[in-house]
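Visitor: Below you'll find target-v9.txt; it's compact mmCIF, C-alpha atoms and all ligand atoms.
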# COMPACT_ATOMS: atom_id res chain seq x y z
CA MET A 1 0.61 -17.55 -9.38
CA PRO A 2 2.09 -17.76 -5.91
CA TRP A 3 0.23 -16.43 -2.94
CA GLY A 4 1.43 -15.43 0.47
CA SER A 5 0.42 -14.16 3.85
CA VAL A 6 2.05 -12.53 6.83
CA ARG A 7 2.50 -14.58 9.99
CA ARG A 8 2.55 -12.26 12.96
CA GLY A 9 4.75 -13.44 15.78
CA ASP A 10 8.16 -12.81 17.25
CA PRO A 11 9.65 -12.20 14.80
CA ASP A 12 7.01 -11.60 12.12
CA GLY A 13 7.37 -13.79 9.05
CA ILE A 14 5.95 -14.54 5.63
CA GLU A 15 4.36 -17.73 4.41
CA LEU A 16 4.76 -18.07 0.67
CA HIS A 17 3.08 -20.74 -1.43
CA PHE A 18 4.33 -21.43 -4.92
CA ASP A 19 4.62 -24.18 -7.47
CA ARG A 20 7.49 -26.53 -6.65
CA PHE A 21 8.72 -26.17 -10.22
CA ALA A 22 8.56 -22.36 -10.23
CA SER A 23 11.79 -20.90 -11.59
CA PHE A 24 13.83 -18.25 -9.83
CA THR A 25 12.89 -15.75 -12.54
CA GLN A 26 9.17 -16.45 -12.10
CA LEU A 27 9.43 -15.88 -8.37
CA ARG A 28 11.57 -12.79 -8.73
CA ASP A 29 9.20 -11.20 -11.23
CA ASP A 30 6.02 -11.90 -9.30
CA TRP A 31 4.77 -9.18 -6.97
CA THR A 32 3.57 -11.44 -4.14
CA LEU A 33 6.85 -11.62 -2.23
CA TYR A 34 7.41 -7.85 -2.36
CA HIS A 35 3.84 -7.24 -1.24
CA GLU A 36 4.12 -9.52 1.79
CA MET A 37 7.54 -8.14 2.69
CA ALA A 38 6.17 -4.60 2.56
CA HIS A 39 3.51 -5.60 5.10
CA LEU A 40 6.29 -6.36 7.59
CA TYR A 41 7.30 -2.69 7.75
CA LEU A 42 4.03 -1.82 9.49
CA PRO A 43 2.19 -3.47 12.36
CA LEU A 44 -1.08 -5.32 11.88
CA LEU A 45 -4.00 -2.89 11.95
CA PRO A 46 -7.64 -3.59 12.89
CA TYR A 47 -9.90 -4.54 9.95
CA SER A 48 -11.26 -1.02 9.49
CA GLY A 49 -7.67 0.08 8.81
CA PHE A 50 -7.10 -2.58 6.16
CA TRP A 51 -7.33 0.00 3.40
CA LEU A 52 -4.26 1.63 4.95
CA SER A 53 -2.24 -1.62 5.33
CA GLU A 54 -3.15 -3.01 1.94
CA GLY A 55 -2.70 0.36 0.28
CA PHE A 56 0.74 0.65 1.79
CA ALA A 57 1.81 -2.87 0.75
CA THR A 58 0.40 -2.41 -2.76
CA TYR A 59 2.11 0.94 -3.29
CA MET A 60 5.35 -0.20 -1.66
CA GLN A 61 5.57 -3.47 -3.63
CA ASN A 62 5.78 -1.34 -6.77
CA ILE A 63 8.39 1.00 -5.27
CA ILE A 64 10.51 -1.99 -4.22
CA MET A 65 10.23 -3.61 -7.65
CA ARG A 66 11.08 -0.35 -9.40
CA ASP A 67 14.04 0.48 -7.18
CA SER A 68 15.49 -3.02 -7.43
CA LYS A 69 14.95 -2.94 -11.20
CA VAL A 70 12.56 -5.89 -11.37
CA ILE A 71 10.29 -3.53 -13.33
CA THR A 72 11.13 -0.42 -15.32
CA ARG A 73 9.99 3.07 -14.42
CA LYS A 74 7.52 2.88 -17.27
CA GLN A 75 6.06 -0.40 -15.99
CA PHE A 76 5.87 1.13 -12.52
CA ILE A 77 3.66 3.93 -13.82
CA GLN A 78 1.60 1.51 -15.94
CA ARG A 79 0.98 -0.81 -13.00
CA LEU A 80 -0.12 2.00 -10.69
CA SER A 81 -2.30 3.46 -13.39
CA ALA A 82 -3.97 0.12 -14.21
CA GLY A 83 -4.54 -0.66 -10.52
CA LEU A 84 -6.08 2.74 -9.85
CA GLU A 85 -8.39 2.18 -12.80
CA ARG A 86 -9.55 -1.15 -11.34
CA GLY A 87 -10.22 0.58 -8.04
CA ARG A 88 -12.19 3.30 -9.80
CA GLN A 89 -14.26 0.74 -11.70
CA GLN A 90 -15.13 -1.17 -8.55
CA THR A 91 -16.13 2.00 -6.71
CA ARG A 92 -19.18 2.14 -9.02
CA THR A 93 -20.66 -0.85 -7.22
CA LYS A 94 -18.95 -0.60 -3.79
CA GLN A 95 -19.88 2.77 -2.38
CA GLN A 96 -19.72 2.43 1.38
CA PRO A 97 -17.40 4.71 3.36
CA LEU A 98 -13.89 3.34 2.87
CA SER A 99 -13.20 2.19 6.45
CA GLU A 100 -16.59 0.41 6.63
CA LEU A 101 -15.96 -1.33 3.34
CA ALA A 102 -12.47 -2.33 4.48
CA ASP A 103 -14.02 -3.90 7.57
CA ASP A 104 -16.18 -6.07 5.31
CA MET A 105 -13.79 -6.41 2.38
CA TRP A 106 -13.67 -10.21 2.06
CA GLN A 107 -17.44 -10.67 2.27
CA GLN A 108 -17.95 -8.02 -0.35
CA GLY A 109 -15.05 -8.98 -2.60
CA ALA A 110 -14.08 -5.32 -2.51
CA GLN A 111 -10.31 -5.75 -2.73
CA GLN A 112 -9.79 -3.51 -5.74
CA ARG A 113 -11.42 -0.45 -4.22
CA VAL A 114 -9.87 -1.05 -0.79
CA TYR A 115 -6.31 -1.78 -1.98
CA TRP A 116 -6.20 0.98 -4.56
CA SER A 117 -7.87 3.71 -2.51
CA GLY A 118 -5.17 2.97 0.05
CA SER A 119 -2.49 3.11 -2.63
CA ALA A 120 -3.84 6.47 -3.78
CA PHE A 121 -3.51 7.66 -0.18
CA PHE A 122 0.19 6.78 -0.17
CA ILE A 123 0.75 8.23 -3.63
CA GLU A 124 -0.68 11.53 -2.39
CA ALA A 125 1.37 11.31 0.79
CA GLU A 126 4.53 10.61 -1.22
CA LEU A 127 3.97 13.60 -3.48
CA ALA A 128 3.39 15.87 -0.48
CA LEU A 129 6.53 14.50 1.22
CA GLN A 130 8.54 15.07 -1.96
CA GLN A 131 7.51 18.73 -1.85
CA GLN A 132 9.25 18.90 1.51
CA GLY A 133 12.34 17.05 0.36
CA GLN A 134 11.31 13.83 2.10
CA SER A 135 10.16 10.40 0.93
CA LEU A 136 7.95 7.63 2.22
CA THR A 137 10.80 5.10 2.33
CA GLN A 138 12.91 7.47 4.48
CA LEU A 139 9.94 8.02 6.75
CA ILE A 140 9.28 4.28 7.14
CA LYS A 141 12.94 3.67 7.88
CA ARG A 142 12.81 6.22 10.71
CA TYR A 143 9.50 4.81 11.90
CA ARG A 144 11.10 1.36 12.20
CA GLU A 145 14.04 2.77 14.14
CA CYS A 146 12.16 4.87 16.66
CA CYS A 147 8.52 4.06 16.83
CA TYR A 148 7.43 0.65 15.63
CA SER A 149 5.02 -1.11 17.94
CA SER A 150 3.29 -4.36 17.09
CA LYS A 151 -0.06 -3.19 18.46
CA THR A 152 -1.49 0.02 17.16
CA THR A 153 -4.46 1.61 15.46
CA ALA A 154 -4.69 3.45 12.15
CA LYS A 155 -5.13 6.75 14.00
CA LYS A 156 -2.04 6.25 16.17
CA LEU A 157 0.03 5.28 13.16
CA ILE A 158 -1.12 8.41 11.33
CA THR A 159 -0.22 10.62 14.30
CA THR A 160 3.25 9.07 14.42
CA PHE A 161 3.76 9.62 10.68
CA ASP A 162 2.78 13.28 11.10
CA GLN A 163 5.26 13.67 13.95
CA LEU A 164 8.05 12.02 11.99
CA SER A 165 7.43 14.12 8.88
CA ARG A 166 6.88 17.26 10.99
CA SER A 167 3.75 17.88 8.97
CA ALA A 168 0.01 17.35 8.92
CA ILE A 169 0.20 15.45 5.64
CA PHE A 170 -1.03 12.14 7.00
CA SER A 171 -3.81 13.34 9.30
CA THR A 172 -5.13 15.65 6.59
CA LEU A 173 -5.24 12.83 4.04
CA TYR A 174 -6.61 10.39 6.59
CA ALA A 175 -9.53 12.67 7.39
CA ARG A 176 -10.34 12.86 3.69
CA TYR A 177 -9.94 9.15 2.98
CA THR A 178 -11.36 7.19 5.89
CA GLN A 179 -15.00 8.10 5.26
CA ARG A 180 -14.85 8.73 1.55
CA THR A 181 -17.34 7.07 -0.76
CA ASP A 182 -15.77 8.14 -4.06
CA PHE A 183 -12.51 7.04 -5.66
CA PRO A 184 -9.57 9.48 -5.41
CA ASP A 185 -8.45 11.31 -8.51
CA ILE A 186 -4.81 10.61 -9.29
CA THR A 187 -3.61 11.85 -12.67
CA ARG A 188 -0.95 10.31 -14.89
CA GLU A 189 1.06 13.52 -14.44
CA GLN A 190 1.10 12.89 -10.70
CA LEU A 191 2.30 9.32 -11.20
CA ILE A 192 5.12 10.56 -13.41
CA LEU A 193 6.23 12.89 -10.60
CA LEU A 194 6.78 9.98 -8.19
CA ARG A 195 10.47 9.50 -7.56
ZN ZN B 1 -1.65 -7.54 1.56
Would you put the structure from the file into structure tokens?
Ligand SMILES: [Zn+2]
Guide:
Amino acid sequence: MPWGSVRRGDPDGIELHFDRFASFTQLRDDWTLYHEMAHLYLPLLPYSGFWLSEGFATYMQNIIMRDSKVITRKQFIQRLSAGLERGRQQTRTKQQPLSELADDMWQQGAQQRVYWSGSAFFIEAELALQQQGQSLTQLIKRYRECCYSSKTTAKKLITTFDQLSRSAIFSTLYARYTQRTDFPDITREQLILLR
């Protein structure tokens, strides 16, 4: 399995490690590259906002793979569903408020709850945007054009997303998620609605 990380600089980049004999197909089908690329759409956030950055990259890697036909729509739903289940399982033993846990994620090995609570946040945001005839990818595109700044906080980012979507979708969800100690409920029916 390859692994990667984002190198912040001017410009930002990705460092990708993989087997020298990895085939093109293996690299194309692995999620790592899409995950790291998705990180580049948003600035680096402080540790307590990691649930938001990792949730975004995890959700977006699946959107990118679905839309570029690396995975089918069915696989897209399966992957989200399996990931959310891992997050739910881990929440049984990792019950701190989400932003506190994110701050201490590596020490606690709490990646599943942190990544997938964040993904659930963006799934909910996407569904709410869809109701208004918008989408997360459109929103991120506009964010990149008008408002990207390399230094920001989770709160500022959320305010900007609200402004861009002319809604309170993001601040409302953020208030619910940042201190939550349970795992969000996302149904299969909701996943099927994602376009
Ligand atoms: Zn990541």
Visitor: Pull the closest atom pair for each residue of chain A that gets at most 10 Å from ligand ZN 1 (chain B), along with the distance in Å to one decimal, counting all atoms listed in the file, ordering rows by chain and then ascending residue number, as JSON lines.
Guide:
{"residue": "A:Gly4", "atom": "CA", "partner": "B:ZN1", "partner_atom": "ZN", "distance": 8.5}
{"residue": "A:Ser5", "atom": "CA", "partner": "B:ZN1", "partner_atom": "ZN", "distance": 7.3}
{"residue": "A:Val6", "atom": "CA", "partner": "B:ZN1", "partner_atom": "ZN", "distance": 8.1}
{"residue": "A:Thr32", "atom": "CA", "partner": "B:ZN1", "partner_atom": "ZN", "distance": 8.7}
{"residue": "A:Tyr34", "atom": "CA", "partner": "B:ZN1", "partner_atom": "ZN", "distance": 9.9}
{"residue": "A:His35", "atom": "CA", "partner": "B:ZN1", "partner_atom": "ZN", "distance": 6.2}
{"residue": "A:Glu36", "atom": "CA", "partner": "B:ZN1", "partner_atom": "ZN", "distance": 6.1}
{"residue": "A:Met37", "atom": "CA", "partner": "B:ZN1", "partner_atom": "ZN", "distance": 9.3}
{"residue": "A:Ala38", "atom": "CA", "partner": "B:ZN1", "partner_atom": "ZN", "distance": 8.4}
{"residue": "A:His39", "atom": "CA", "partner": "B:ZN1", "partner_atom": "ZN", "distance": 6.6}
{"residue": "A:Phe50", "atom": "CA", "partner": "B:ZN1", "partner_atom": "ZN", "distance": 8.7}
{"residue": "A:Trp51", "atom": "CA", "partner": "B:ZN1", "partner_atom": "ZN", "distance": 9.6}
{"residue": "A:Ser53", "atom": "CA", "partner": "B:ZN1", "partner_atom": "ZN", "distance": 7.0}
{"residue": "A:Glu54", "atom": "CA", "partner": "B:ZN1", "partner_atom": "ZN", "distance": 4.8}
{"residue": "A:Gly55", "atom": "CA", "partner": "B:ZN1", "partner_atom": "ZN", "distance": 8.1}
{"residue": "A:Phe56", "atom": "CA", "partner": "B:ZN1", "partner_atom": "ZN", "distance": 8.5}
{"residue": "A:Ala57", "atom": "CA", "partner": "B:ZN1", "partner_atom": "ZN", "distance": 5.9}
{"residue": "A:Thr58", "atom": "CA", "partner": "B:ZN1", "partner_atom": "ZN", "distance": 7.0}
{"residue": "A:Gln61", "atom": "CA", "partner": "B:ZN1", "partner_atom": "ZN", "distance": 9.8}
{"residue": "A:Gln111", "atom": "CA", "partner": "B:ZN1", "partner_atom": "ZN", "distance": 9.8}
{"residue": "A:Tyr115", "atom": "CA", "partner": "B:ZN1", "partner_atom": "ZN", "distance": 8.2}
Visitor: Would you mind reading off the distance between CA of Tyr177 in chain A and CA of Tyr148 in chain A, one decimal, in Å?
Guide: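 Calculated distance between CA of Tyr177 in chain A and CA of Tyr148 in chain A is 23.1 Å.
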Visitor: Dump as a PyMOL selection string all residues having an atom at most 10 Å from (-1.4, 4.3, -3.6), computed in the file's coordinates with all atoms listed in the file.
Guide: chain A and resi 52+54-60+62+80-81+83-84+115-126+184+186+191
Visitor: Take the residues from that selection and write them out as a PDB file, in the coordinates of the input, keeping C-alpha atoms.
Guide:
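Dumped everything to out.pdb:
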ATOM      1  CA  LEU A  52      -4.260   1.630   4.950  1.00  0.00           C
ATOM      2  CA  GLU A  54      -3.150  -3.010   1.940  1.00  0.00           C
ATOM      3  CA  GLY A  55      -2.700   0.360   0.280  1.00  0.00           C
ATOM      4  CA  PHE A  56       0.740   0.650   1.790  1.00  0.00           C
ATOM      5  CA  ALA A  57       1.810  -2.870   0.750  1.00  0.00           C
ATOM      6  CA  THR A  58       0.400  -2.410  -2.760  1.00  0.00           C
ATOM      7  CA  TYR A  59       2.110   0.940  -3.290  1.00  0.00           C
ATOM      8  CA  MET A  60       5.350  -0.200  -1.660  1.00  0.00           C
ATOM      9  CA  ASN A  62       5.780  -1.340  -6.770  1.00  0.00           C
ATOM     10  CA  LEU A  80      -0.120   2.000 -10.690  1.00  0.00           C
ATOM     11  CA  SER A  81      -2.300   3.460 -13.390  1.00  0.00           C
ATOM     12  CA  GLY A  83      -4.540  -0.660 -10.520  1.00  0.00           C
ATOM     13  CA  LEU A  84      -6.080   2.740  -9.850  1.00  0.00           C
ATOM     14  CA  TYR A 115      -6.310  -1.780  -1.980  1.00  0.00           C
ATOM     15  CA  TRP A 116      -6.200   0.980  -4.560  1.00  0.00           C
ATOM     16  CA  SER A 117      -7.870   3.710  -2.510  1.00  0.00           C
ATOM     17  CA  GLY A 118      -5.170   2.970   0.050  1.00  0.00           C
ATOM     18  CA  SER A 119      -2.490   3.110  -2.630  1.00  0.00           C
ATOM     19  CA  ALA A 120      -3.840   6.470  -3.780  1.00  0.00           C
ATOM     20  CA  PHE A 121      -3.510   7.660  -0.180  1.00  0.00           C
ATOM     21  CA  PHE A 122       0.190   6.780  -0.170  1.00  0.00           C
ATOM     22  CA  ILE A 123       0.750   8.230  -3.630  1.00  0.00           C
ATOM     23  CA  GLU A 124      -0.680  11.530  -2.390  1.00  0.00           C
ATOM     24  CA  ALA A 125       1.370  11.310   0.790  1.00  0.00           C
ATOM     25  CA  GLU A 126       4.530  10.610  -1.220  1.00  0.00           C
ATOM     26  CA  PRO A 184      -9.570   9.480  -5.410  1.00  0.00           C
ATOM     27  CA  ILE A 186      -4.810  10.610  -9.290  1.00  0.00           C
ATOM     28  CA  LEU A 191       2.300   9.320 -11.200  1.00  0.00           C
TER      29      LEU A 191
END
Visitor: First collect every listed atom of range 70-78 of chain A; then fit an axis-aligned box around them, widen it by 4 Å on each side, and give centre and edge lengths in Å to one decimal, as lines of an AutoDock Vina configuration file.
Guide:
center_x = 7.1
center_y = -1.0
center_z = -14.3
size_x = 19.0
size_y = 17.8
size_z = 13.9
Visitor: Which residues come within 12 Å of range 138-143 of chain A, counting all atoms listed in the file, excluding same-chain residues fewer than 4 positions away, as a VMD selection string?
Guide: chain A and resid 38 to 43 56 60 122 125 to 126 129 to 130 133 to 134 147 to 149 157 to 167 170
